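Worksheet: the structure to be examined is printed underneath.
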Amino acid sequence: MGTVTRQLVQNFPDHILGHHQDHGDETVLVRPEALLSVAAFLKEEPALDFNVLMDLTAVDYLGRQPRFEVVYHFYSLEHRARLRVKVPLHETNPEVDSLTPFWKAANWYEREVWDMFGIRFTGHPGLKRILLYEEFEGHPLRKDYPIKRRHPLVGPSN
Amino acid sequence: MGLKRVVTGVFGDESFITTRLDSAIGWARKYSLFLYPFVTACCGMEYMSVSCAHYDLDRFGAALPRFSPRQADVLMVVGTISHKIAPVLVRVYEQMTEPKWVVAFGVCTCTGGFYDNYATVQGIDTLIPVDVYIPGCPPRPETVLNGLMMLQDKIQRQKQEY
């Protein structure tokens with residue numbers, strides 16, 4: 001178990017669903033309810049000091065329960081450490097707290113995840129589509145989005 | 001008329017040439033093309049390459065890009081056209097004055113290329129009429145020059161509106 005994982009397991013014993021590491025990169029699975037408190041700990045604990053949110057994306061594991069996973073990649077400039085946090089979400093109400101209070105970089109990433117996967121982020125200052133247009137229906141990176149479906153603004157539909 | 005002044009200016013008062021009016025206008029039009037570069041993606045680098053000194057579009061009288069559609073007569077669509085930008089492309093085309101021509105530069109504009117997905121228009125000819133298709137990902141400058149010469153040939157031969 002890596003040092004960051006150990007601290008998280010000690011501080012959030014009920015909220016860490018699992019963890020693993022590969023080639024020194026640590027990954028922890030966090031309950032969605034606990035994401036905000038875990039994020040605050042990662043950002044503000046001096047021994048961790050994850051001040052950079054490098055990436056935020058999502059994966060659709062269609063057919064699995066829970067279906068979605070939101071994936072966060074953190075980096076600490078001070079400690080030169082990396083951490084991957086995954087938050088599993090159920091299909092019925094895919095919603096998780098926004099990390100914009102802690103990392104401003106989360107703003108556009110979360111809009112992209114909303115745009116592509118239809119996962120909502122509570123507390124986001126303006127959760128609207130970022131890449132596609134407002135008239136677009138559905139979320140195209142979901143695995144059950146029909147591959148031939150088109151939403152043209154002008155011209156024929158296929 | 002203007003053409004008569006040009007002919008007497010070049011060949012002297014006593015000279016004359018015979019031609020058809022359509023042909024003479026076509027000759028004038030094909031050597032003064034003003035391009036509107038609608039550049040959205042990587043093909044733009046290839047367009048810059050073909051415009052600059054090495055390949056020199058100026059040899060064909062098509063050097064000067066006009067960034068107002070009202071001053072251009074060839075719409076050069078360069079790069080992937082998404083459904084989001086498509087209304088803009090159509091509006092630019094509608095703003096151009098007649099006579100006007102459209103060149104699809106690169107395979108994305110011709111057919112959508114390998115972007116057969118939710119975001120990409122599958123060929124700009126689903127939106128506006130296209131005169132010349134230049135395939136390639138991206139096209140070689142020689143292919144572009146060939147396409148331009150085909151467009152000139154088409155302009156020369158077509159029925160001229162004036």
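Identifiers in the structure tokens: chain A, B, ... in order shown; residue index from 1 per chain; ligand index from 1 in order shown.
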
Name the residues of region 18-106 of chain B that fall into alpha helix (DSSP H) according to DSSP on the backbone, using the chain letters and numbers of this document, as JSON, numbers by chain.
{"B": [21, 22, 23, 24, 25, 26, 27, 28, 29, 30, 43, 44, 45, 46, 47, 48, 49, 50, 51, 86, 87, 88, 89, 90, 91, 92, 93, 94, 95]}

Restricted to N, CA and C atoms, what would the selected residues look like written as an mmCIF file, in the first residue's frame?
```cif
data_model
loop_
_atom_site.group_PDB
_atom_site.id
_atom_site.type_symbol
_atom_site.label_atom_id
_atom_site.label_comp_id
_atom_site.auth_asym_id
_atom_site.auth_seq_id
_atom_site.Cartn_x
_atom_site.Cartn_y
_atom_site.Cartn_z
ATOM 1 N N LEU B 21 -17.732 36.080 -76.262
ATOM 2 C CA LEU B 21 -17.766 36.878 -75.045
ATOM 3 C C LEU B 21 -17.638 35.981 -73.810
ATOM 4 N N ASP B 22 -18.359 34.826 -73.817
ATOM 5 C CA ASP B 22 -18.258 33.883 -72.698
ATOM 6 C C ASP B 22 -16.816 33.480 -72.448
ATOM 7 N N SER B 23 -16.113 33.202 -73.530
ATOM 8 C CA SER B 23 -14.739 32.737 -73.407
ATOM 9 C C SER B 23 -13.838 33.840 -72.858
ATOM 10 N N ALA B 24 -14.048 35.064 -73.348
ATOM 11 C CA ALA B 24 -13.215 36.179 -72.889
ATOM 12 C C ALA B 24 -13.458 36.448 -71.401
ATOM 13 N N ILE B 25 -14.721 36.422 -70.985
ATOM 14 C CA ILE B 25 -15.012 36.656 -69.565
ATOM 15 C C ILE B 25 -14.447 35.519 -68.712
ATOM 16 N N GLY B 26 -14.578 34.293 -69.200
ATOM 17 C CA GLY B 26 -14.022 33.145 -68.485
ATOM 18 C C GLY B 26 -12.526 33.277 -68.317
ATOM 19 N N TRP B 27 -11.853 33.718 -69.381
ATOM 20 C CA TRP B 27 -10.389 33.909 -69.330
ATOM 21 C C TRP B 27 -10.028 34.930 -68.247
ATOM 22 N N ALA B 28 -10.792 36.020 -68.207
ATOM 23 C CA ALA B 28 -10.505 37.046 -67.199
ATOM 24 C C ALA B 28 -10.780 36.525 -65.788
ATOM 25 N N ARG B 29 -11.895 35.809 -65.644
ATOM 26 C CA ARG B 29 -12.283 35.372 -64.303
ATOM 27 C C ARG B 29 -11.347 34.307 -63.746
ATOM 28 N N LYS B 30 -10.877 33.405 -64.600
ATOM 29 C CA LYS B 30 -10.106 32.283 -64.066
ATOM 30 C C LYS B 30 -8.734 32.725 -63.589
ATOM 31 N N CYS B 43 -5.482 20.638 -42.348
ATOM 32 C CA CYS B 43 -5.277 20.952 -43.759
ATOM 33 C C CYS B 43 -4.843 22.405 -43.945
ATOM 34 N N GLY B 44 -5.129 23.241 -42.960
ATOM 35 C CA GLY B 44 -4.733 24.644 -43.024
ATOM 36 C C GLY B 44 -3.238 24.810 -43.232
ATOM 37 N N MET B 45 -2.441 23.928 -42.611
ATOM 38 C CA MET B 45 -0.991 24.014 -42.779
ATOM 39 C C MET B 45 -0.634 23.782 -44.239
ATOM 40 N N GLU B 46 -1.349 22.841 -44.849
ATOM 41 C CA GLU B 46 -1.080 22.529 -46.248
ATOM 42 C C GLU B 46 -1.529 23.676 -47.152
ATOM 43 N N TYR B 47 -2.614 24.315 -46.760
ATOM 44 C CA TYR B 47 -3.077 25.483 -47.522
ATOM 45 C C TYR B 47 -2.046 26.615 -47.449
ATOM 46 N N MET B 48 -1.482 26.822 -46.238
ATOM 47 C CA MET B 48 -0.446 27.857 -46.091
ATOM 48 C C MET B 48 0.755 27.510 -46.952
ATOM 49 N N SER B 49 1.118 26.248 -46.939
ATOM 50 C CA SER B 49 2.274 25.813 -47.725
ATOM 51 C C SER B 49 2.064 26.092 -49.207
ATOM 52 N N VAL B 50 0.867 25.789 -49.698
ATOM 53 C CA VAL B 50 0.620 25.945 -51.131
ATOM 54 C C VAL B 50 0.462 27.424 -51.497
ATOM 55 N N SER B 51 0.081 28.248 -50.522
ATOM 56 C CA SER B 51 -0.086 29.678 -50.814
ATOM 57 C C SER B 51 1.249 30.401 -50.864
ATOM 58 N N ALA B 86 -21.231 24.135 -39.041
ATOM 59 C CA ALA B 86 -21.900 24.055 -40.341
ATOM 60 C C ALA B 86 -22.783 25.273 -40.656
ATOM 61 N N PRO B 87 -23.585 25.778 -39.704
ATOM 62 C CA PRO B 87 -24.405 26.955 -40.026
ATOM 63 C C PRO B 87 -23.559 28.167 -40.412
ATOM 64 N N VAL B 88 -22.376 28.275 -39.837
ATOM 65 C CA VAL B 88 -21.487 29.394 -40.167
ATOM 66 C C VAL B 88 -20.992 29.258 -41.607
ATOM 67 N N LEU B 89 -20.626 28.040 -41.974
ATOM 68 C CA LEU B 89 -20.158 27.800 -43.349
ATOM 69 C C LEU B 89 -21.245 28.158 -44.356
ATOM 70 N N VAL B 90 -22.468 27.744 -44.068
ATOM 71 C CA VAL B 90 -23.571 28.031 -44.986
ATOM 72 C C VAL B 90 -23.803 29.541 -45.087
ATOM 73 N N ARG B 91 -23.705 30.220 -43.955
ATOM 74 C CA ARG B 91 -23.906 31.679 -43.978
ATOM 75 C C ARG B 91 -22.804 32.374 -44.777
ATOM 76 N N VAL B 92 -21.569 31.949 -44.622
ATOM 77 C CA VAL B 92 -20.457 32.530 -45.390
ATOM 78 C C VAL B 92 -20.709 32.327 -46.885
ATOM 79 N N TYR B 93 -21.130 31.105 -47.236
ATOM 80 C CA TYR B 93 -21.410 30.829 -48.649
ATOM 81 C C TYR B 93 -22.516 31.744 -49.169
ATOM 82 N N GLU B 94 -23.557 31.911 -48.367
ATOM 83 C CA GLU B 94 -24.678 32.746 -48.823
ATOM 84 C C GLU B 94 -24.280 34.212 -48.939
ATOM 85 N N GLN B 95 -23.296 34.644 -48.182
ATOM 86 C CA GLN B 95 -22.872 36.044 -48.231
ATOM 87 C C GLN B 95 -22.003 36.356 -49.435
#
```

Just want the 12 Å neighbourhood of Arg59 (chain B), counted on only C-alpha atoms, with same-chain residues fewer than 2 positions away dropped. Output as a ChimeraX atom specification.
/B:30-33,50-57,61-64,145,148-149

Chain A residues near chain B (12 Å cut-off, only C-alpha atoms) as a list in words
Met116, Ile130, Leu131, Leu132, Tyr133, Glu134, Glu135, Phe136, Glu137, Gly138, His139, Pro140, Leu141, Arg142, Tyr145, Pro146, Ile147, Lys148, Arg149, Arg150, His151, Pro152, Leu153, Val154, Gly155, Pro156, Ser157 and Asn158 of chain A

Taking into account only C-alpha atoms, which residue in the set B:Ile17, B:Val103, B:Val10, B:Val39 is nearest to Gln152 (chain B)?
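Closest candidate: B:Val103.
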
As a ChimeraX atom specification, please: every residue in chain B that a backbone DSSP assignment puts in strand (DSSP E or B).
/B:35-39,65,74-78,82,101-105,120,132-134

Could you write those residues out with C-alpha atoms, as a PDB file, in the first residue's frame?
```
ATOM      1  CA  LEU B  35     -10.070  32.921 -52.221  1.00  0.00           C
ATOM      2  CA  TYR B  36     -11.928  32.919 -48.950  1.00  0.00           C
ATOM      3  CA  PRO B  37     -10.010  30.425 -46.774  1.00  0.00           C
ATOM      4  CA  PHE B  38     -12.488  28.716 -44.429  1.00  0.00           C
ATOM      5  CA  VAL B  39      -9.797  26.927 -42.454  1.00  0.00           C
ATOM      6  CA  PRO B  65      -6.991  35.605 -49.652  1.00  0.00           C
ATOM      7  CA  VAL B  74     -13.821  31.009 -54.333  1.00  0.00           C
ATOM      8  CA  LEU B  75     -14.804  29.481 -51.012  1.00  0.00           C
ATOM      9  CA  MET B  76     -11.875  27.270 -50.036  1.00  0.00           C
ATOM     10  CA  VAL B  77     -13.176  24.927 -47.331  1.00  0.00           C
ATOM     11  CA  VAL B  78     -10.096  23.539 -45.606  1.00  0.00           C
ATOM     12  CA  SER B  82     -18.446  19.817 -37.578  1.00  0.00           C
ATOM     13  CA  TRP B 101     -17.205  28.609 -56.649  1.00  0.00           C
ATOM     14  CA  VAL B 102     -16.524  26.166 -53.837  1.00  0.00           C
ATOM     15  CA  VAL B 103     -13.457  23.971 -53.412  1.00  0.00           C
ATOM     16  CA  ALA B 104     -13.506  21.075 -50.915  1.00  0.00           C
ATOM     17  CA  PHE B 105      -9.917  20.861 -49.718  1.00  0.00           C
ATOM     18  CA  THR B 120     -18.791  15.679 -38.210  1.00  0.00           C
ATOM     19  CA  VAL B 132     -13.874  20.813 -57.144  1.00  0.00           C
ATOM     20  CA  TYR B 133     -12.982  18.065 -54.666  1.00  0.00           C
ATOM     21  CA  ILE B 134      -9.335  17.809 -53.652  1.00  0.00           C
TER      22      ILE B 134
END
```

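Excluding Glu69 (chain A) and any residue on its chain fewer than 6 positions from it, the residues at most 6 Å away by only C-alpha atoms are Ala58, Val59, Val87, Pro88 and Leu89 of chain A.
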
Of the listed residues A:Lys104, A:Arg111, A:Lys128, A:Arg80, that which approaches Thr57 (chain A) most closely, counting only C-alpha atoms:
A:Arg111

Using only C-alpha atoms for the distances, tell me which of B:Arg140, B:Tyr115, B:Cys108, B:Asp131 is nearest to Ala41 (chain B).
B:Cys108

Using only C-alpha atoms, determine which residues lie at most 12 Å from Leu35 (chain A), disregarding the query and same-chain residues fewer than 6 positions distant; provide the list as a PyMOL selection string.
chain A and resi 8+12+15-17+28-29+41-42+70-72+85-89+95-99+102+121-122
